[in-house]
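Report on one structure; see the data block that follows.
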Amino acid sequence: MIYYWFTIIKILVLRKFQSEVGYDQTIRRTFRVGPFDCDGLRVMTAAKYPIYMDFIRWELIARSKLFKAIVQRGLAPTLGSQKIIYRRPLKIWSKFDVILESVGRDDKWVYNVHYFEQEKEVKAIGITRALIWKRDIPTALTDIMQEIGATEKKVPPQWVLNLFKEDKQIIQNANLKNYIL
């Protein structure tokens with residue numbers, strides 16, 4: 001967790017020295033697989049991919065007008081769901097890029113696709129949907145987007161929407177089960 005918070009603080013501090021990006025701009029950041037990212041086989045463990053996805057989303061928020069709109073209102077960007085497809089491993093000490101593409105939004109969710117790329121080959125893809133919270137209540141994303149000048153909604157591709165189609169039902173079914181230990 002120390003590395004996680006160190007990186008988040010670094011992103012927030014460096015935002016003042018970097019150019020502003022659009023809320024829907026595709027951004028790229030290069031990372032290196034460290035020894036604490038790896039499992040016993042010296043490849044990045046599955047648990048680390050979401051952390052790097054967090055870093056790039058934080059960078060987008062920090063460097064765009066979203067930061068001011070979210071912080072001034074005391075809001076919290078929150079991940080609602082994520083899916084990750086692993087294709088090839090990332091080996092220890094190797095560099096890789098994480099590319100964040102904002103693929104659309106609706107009244108509640110913002111949809112992003114994260115590409116883990118190394119030597120022009122996609123090694124993994126992470127797809128997320130996120131929303132904005134205040135005191136455990138989802139806030140109207142539309143107000144925030146209008147505040148930063150985002151008037152057009154971009155409908156996410158159908159394949160992205162299909163990935164999250166059954167999420168609510170899955171959670172409801174899990175809550176209905178009686179777990180016996």
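All residue names refer to the structure tokens as shown: chains lettered A, B, ... in order, residues numbered from 1 in each chain, ligands numbered from 1 in order.
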
- Task: Within 12 Å of region 65-81 of chain A, counting only C-alpha atoms, which residues show up once you throw out same-chain ones fewer than 4 positions away? Write them as a PyMOL selection string, please.
- Result: chain A and resi 11-12+15-16+19-25+50-51+53-54+57-61+108-112+126-150+160-161+163-168+170-171

List every residue of region 12-145 of chain A that DSSP, applied to the backbone, labels as strand (DSSP E), and write the result as a compact mmCIF listing (two decimals) with N, CA and C atoms, in the first residue's frame.
# COMPACT_ATOMS: atom_id res chain seq x y z
N ILE A 27 -4.96 8.63 -22.84
CA ILE A 27 -3.65 8.94 -22.28
C ILE A 27 -2.85 7.65 -22.10
N ARG A 28 -1.53 7.82 -22.05
CA ARG A 28 -0.60 6.68 -21.96
C ARG A 28 0.44 6.99 -20.91
N ARG A 29 0.82 5.97 -20.14
CA ARG A 29 1.88 6.12 -19.13
C ARG A 29 2.71 4.84 -19.15
N THR A 30 4.02 5.01 -19.05
CA THR A 30 4.94 3.87 -19.04
C THR A 30 5.28 3.51 -17.59
N PHE A 31 5.25 2.22 -17.30
CA PHE A 31 5.60 1.68 -15.99
C PHE A 31 6.64 0.57 -16.18
N ARG A 32 7.20 0.11 -15.08
CA ARG A 32 8.13 -1.02 -15.11
C ARG A 32 7.65 -2.05 -14.09
N ALA A 76 -16.38 11.44 -4.53
CA ALA A 76 -15.41 10.34 -4.62
C ALA A 76 -15.67 9.54 -5.90
N PRO A 77 -14.69 9.52 -6.83
CA PRO A 77 -14.84 8.64 -7.99
C PRO A 77 -14.67 7.20 -7.52
N THR A 78 -15.60 6.36 -7.90
CA THR A 78 -15.63 4.99 -7.39
C THR A 78 -15.80 4.01 -8.53
N LEU A 79 -15.04 2.95 -8.48
CA LEU A 79 -15.14 1.89 -9.47
C LEU A 79 -16.38 1.05 -9.19
N GLY A 80 -17.20 0.85 -10.19
CA GLY A 80 -18.41 0.05 -10.02
C GLY A 80 -18.20 -1.40 -10.40
N SER A 81 -17.38 -1.61 -11.42
CA SER A 81 -17.14 -2.96 -11.89
C SER A 81 -15.94 -2.94 -12.83
N GLN A 82 -15.24 -4.06 -12.89
CA GLN A 82 -14.15 -4.16 -13.83
C GLN A 82 -14.01 -5.60 -14.32
N LYS A 83 -13.56 -5.71 -15.54
CA LYS A 83 -13.29 -7.01 -16.16
C LYS A 83 -11.88 -6.93 -16.74
N ILE A 84 -11.10 -7.97 -16.57
CA ILE A 84 -9.74 -7.98 -17.10
C ILE A 84 -9.54 -9.25 -17.92
N ILE A 85 -8.98 -9.07 -19.08
CA ILE A 85 -8.65 -10.19 -19.96
C ILE A 85 -7.12 -10.23 -20.07
N TYR A 86 -6.54 -11.34 -19.65
CA TYR A 86 -5.08 -11.50 -19.68
C TYR A 86 -4.70 -12.28 -20.93
N LYS A 95 9.46 -2.95 -19.16
CA LYS A 95 8.61 -1.77 -19.25
C LYS A 95 7.34 -2.13 -19.99
N PHE A 96 6.27 -1.46 -19.61
CA PHE A 96 5.00 -1.63 -20.30
C PHE A 96 4.24 -0.32 -20.24
N ASP A 97 3.34 -0.12 -21.17
CA ASP A 97 2.49 1.07 -21.19
C ASP A 97 1.09 0.68 -20.78
N VAL A 98 0.44 1.59 -20.07
CA VAL A 98 -0.99 1.47 -19.82
C VAL A 98 -1.64 2.62 -20.57
N ILE A 99 -2.55 2.28 -21.47
CA ILE A 99 -3.26 3.26 -22.26
C ILE A 99 -4.71 3.28 -21.78
N LEU A 100 -5.19 4.46 -21.43
CA LEU A 100 -6.57 4.62 -20.97
C LEU A 100 -7.37 5.30 -22.06
N GLU A 101 -8.43 4.63 -22.48
CA GLU A 101 -9.33 5.19 -23.48
C GLU A 101 -10.72 5.31 -22.85
N SER A 102 -11.25 6.51 -22.85
CA SER A 102 -12.63 6.71 -22.39
C SER A 102 -13.54 6.37 -23.56
N VAL A 103 -14.36 5.33 -23.38
CA VAL A 103 -15.15 4.86 -24.51
C VAL A 103 -16.61 5.29 -24.45
N GLY A 104 -17.02 5.97 -23.38
CA GLY A 104 -18.39 6.47 -23.33
C GLY A 104 -18.90 6.68 -21.92
N ARG A 105 -20.12 7.21 -21.84
CA ARG A 105 -20.76 7.43 -20.55
C ARG A 105 -22.27 7.51 -20.74
N VAL A 110 -19.27 6.04 -16.22
CA VAL A 110 -18.23 6.38 -17.19
C VAL A 110 -17.53 5.06 -17.52
N TYR A 111 -17.36 4.76 -18.79
CA TYR A 111 -16.77 3.50 -19.23
C TYR A 111 -15.39 3.75 -19.81
N ASN A 112 -14.41 2.95 -19.35
CA ASN A 112 -13.03 3.08 -19.80
C ASN A 112 -12.48 1.72 -20.21
N VAL A 113 -11.56 1.75 -21.19
CA VAL A 113 -10.83 0.56 -21.58
C VAL A 113 -9.35 0.86 -21.33
N HIS A 114 -8.68 -0.06 -20.64
CA HIS A 114 -7.26 0.07 -20.31
C HIS A 114 -6.49 -1.01 -21.09
N TYR A 115 -5.52 -0.58 -21.87
CA TYR A 115 -4.71 -1.52 -22.63
C TYR A 115 -3.33 -1.61 -21.98
N PHE A 116 -2.88 -2.81 -21.70
CA PHE A 116 -1.52 -3.05 -21.22
C PHE A 116 -0.73 -3.47 -22.44
N GLU A 117 0.17 -2.60 -22.87
CA GLU A 117 0.89 -2.81 -24.12
C GLU A 117 2.39 -2.90 -23.86
N GLN A 118 3.01 -3.80 -24.56
CA GLN A 118 4.46 -3.95 -24.47
C GLN A 118 4.97 -4.32 -25.86
N GLU A 121 2.42 -4.83 -28.58
CA GLU A 121 1.54 -5.98 -28.44
C GLU A 121 0.69 -5.79 -27.18
N VAL A 122 -0.61 -6.01 -27.32
CA VAL A 122 -1.51 -5.91 -26.18
C VAL A 122 -1.36 -7.16 -25.33
N LYS A 123 -0.98 -6.97 -24.06
CA LYS A 123 -0.75 -8.09 -23.13
C LYS A 123 -1.98 -8.37 -22.29
N ALA A 124 -2.78 -7.33 -22.03
CA ALA A 124 -4.01 -7.48 -21.25
C ALA A 124 -4.91 -6.29 -21.55
N ILE A 125 -6.20 -6.48 -21.31
CA ILE A 125 -7.17 -5.40 -21.46
C ILE A 125 -8.05 -5.39 -20.21
N GLY A 126 -8.22 -4.20 -19.65
CA GLY A 126 -9.12 -4.03 -18.51
C GLY A 126 -10.23 -3.07 -18.90
N ILE A 127 -11.46 -3.45 -18.61
CA ILE A 127 -12.61 -2.62 -18.93
C ILE A 127 -13.29 -2.27 -17.61
N THR A 128 -13.56 -0.98 -17.41
CA THR A 128 -14.16 -0.54 -16.14
C THR A 128 -15.37 0.34 -16.39
N ARG A 129 -16.20 0.38 -15.36
CA ARG A 129 -17.22 1.42 -15.31
C ARG A 129 -17.15 2.02 -13.92
N ALA A 130 -17.21 3.34 -13.89
CA ALA A 130 -17.04 4.06 -12.64
C ALA A 130 -18.14 5.11 -12.52
N LEU A 131 -18.37 5.53 -11.28
CA LEU A 131 -19.34 6.58 -11.02
C LEU A 131 -18.80 7.50 -9.94
N ILE A 132 -19.58 8.52 -9.61
CA ILE A 132 -19.18 9.50 -8.61
C ILE A 132 -20.12 9.38 -7.41
N TRP A 133 -19.54 9.31 -6.21
CA TRP A 133 -20.31 9.15 -4.97
C TRP A 133 -20.14 10.35 -4.05
N LYS A 134 -21.17 10.57 -3.26
CA LYS A 134 -21.09 11.51 -2.14
C LYS A 134 -21.94 10.93 -1.03
N ILE A 137 -24.13 7.88 -1.81
CA ILE A 137 -25.20 8.07 -2.79
C ILE A 137 -24.57 8.43 -4.13
N PRO A 138 -24.93 7.68 -5.19
CA PRO A 138 -24.39 8.05 -6.51
C PRO A 138 -24.87 9.46 -6.88

- Message: What parts of chain A does DSSP call helix (DSSP H, G or I)? I'd like the answer as an MDAnalysis selection string.
- Response: chainID A and resid 2:17 35:37 46:63 66:72 141:147 158:163 167:176

- Message: Which residues are close to Cys38 (chain A), i.e. within 12 Å by only C-alpha atoms, leaving aside same-chain residues fewer than 3 positions away? Reply as a list in words.
- Response: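 These residues fall inside the cut-off: Arg32, Val33, Gly34, Pro35, Leu41, Arg42, Val43, Met44, Thr45, Ala46, Ala47, Lys48, Tyr49, Pro89, Leu90, Lys91, Ile92, Trp93 and Ser94 of chain A.
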
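Here CA of Arg63 (chain A) stands at a distance of 9.6 Å from CA of Phe17 (chain A).
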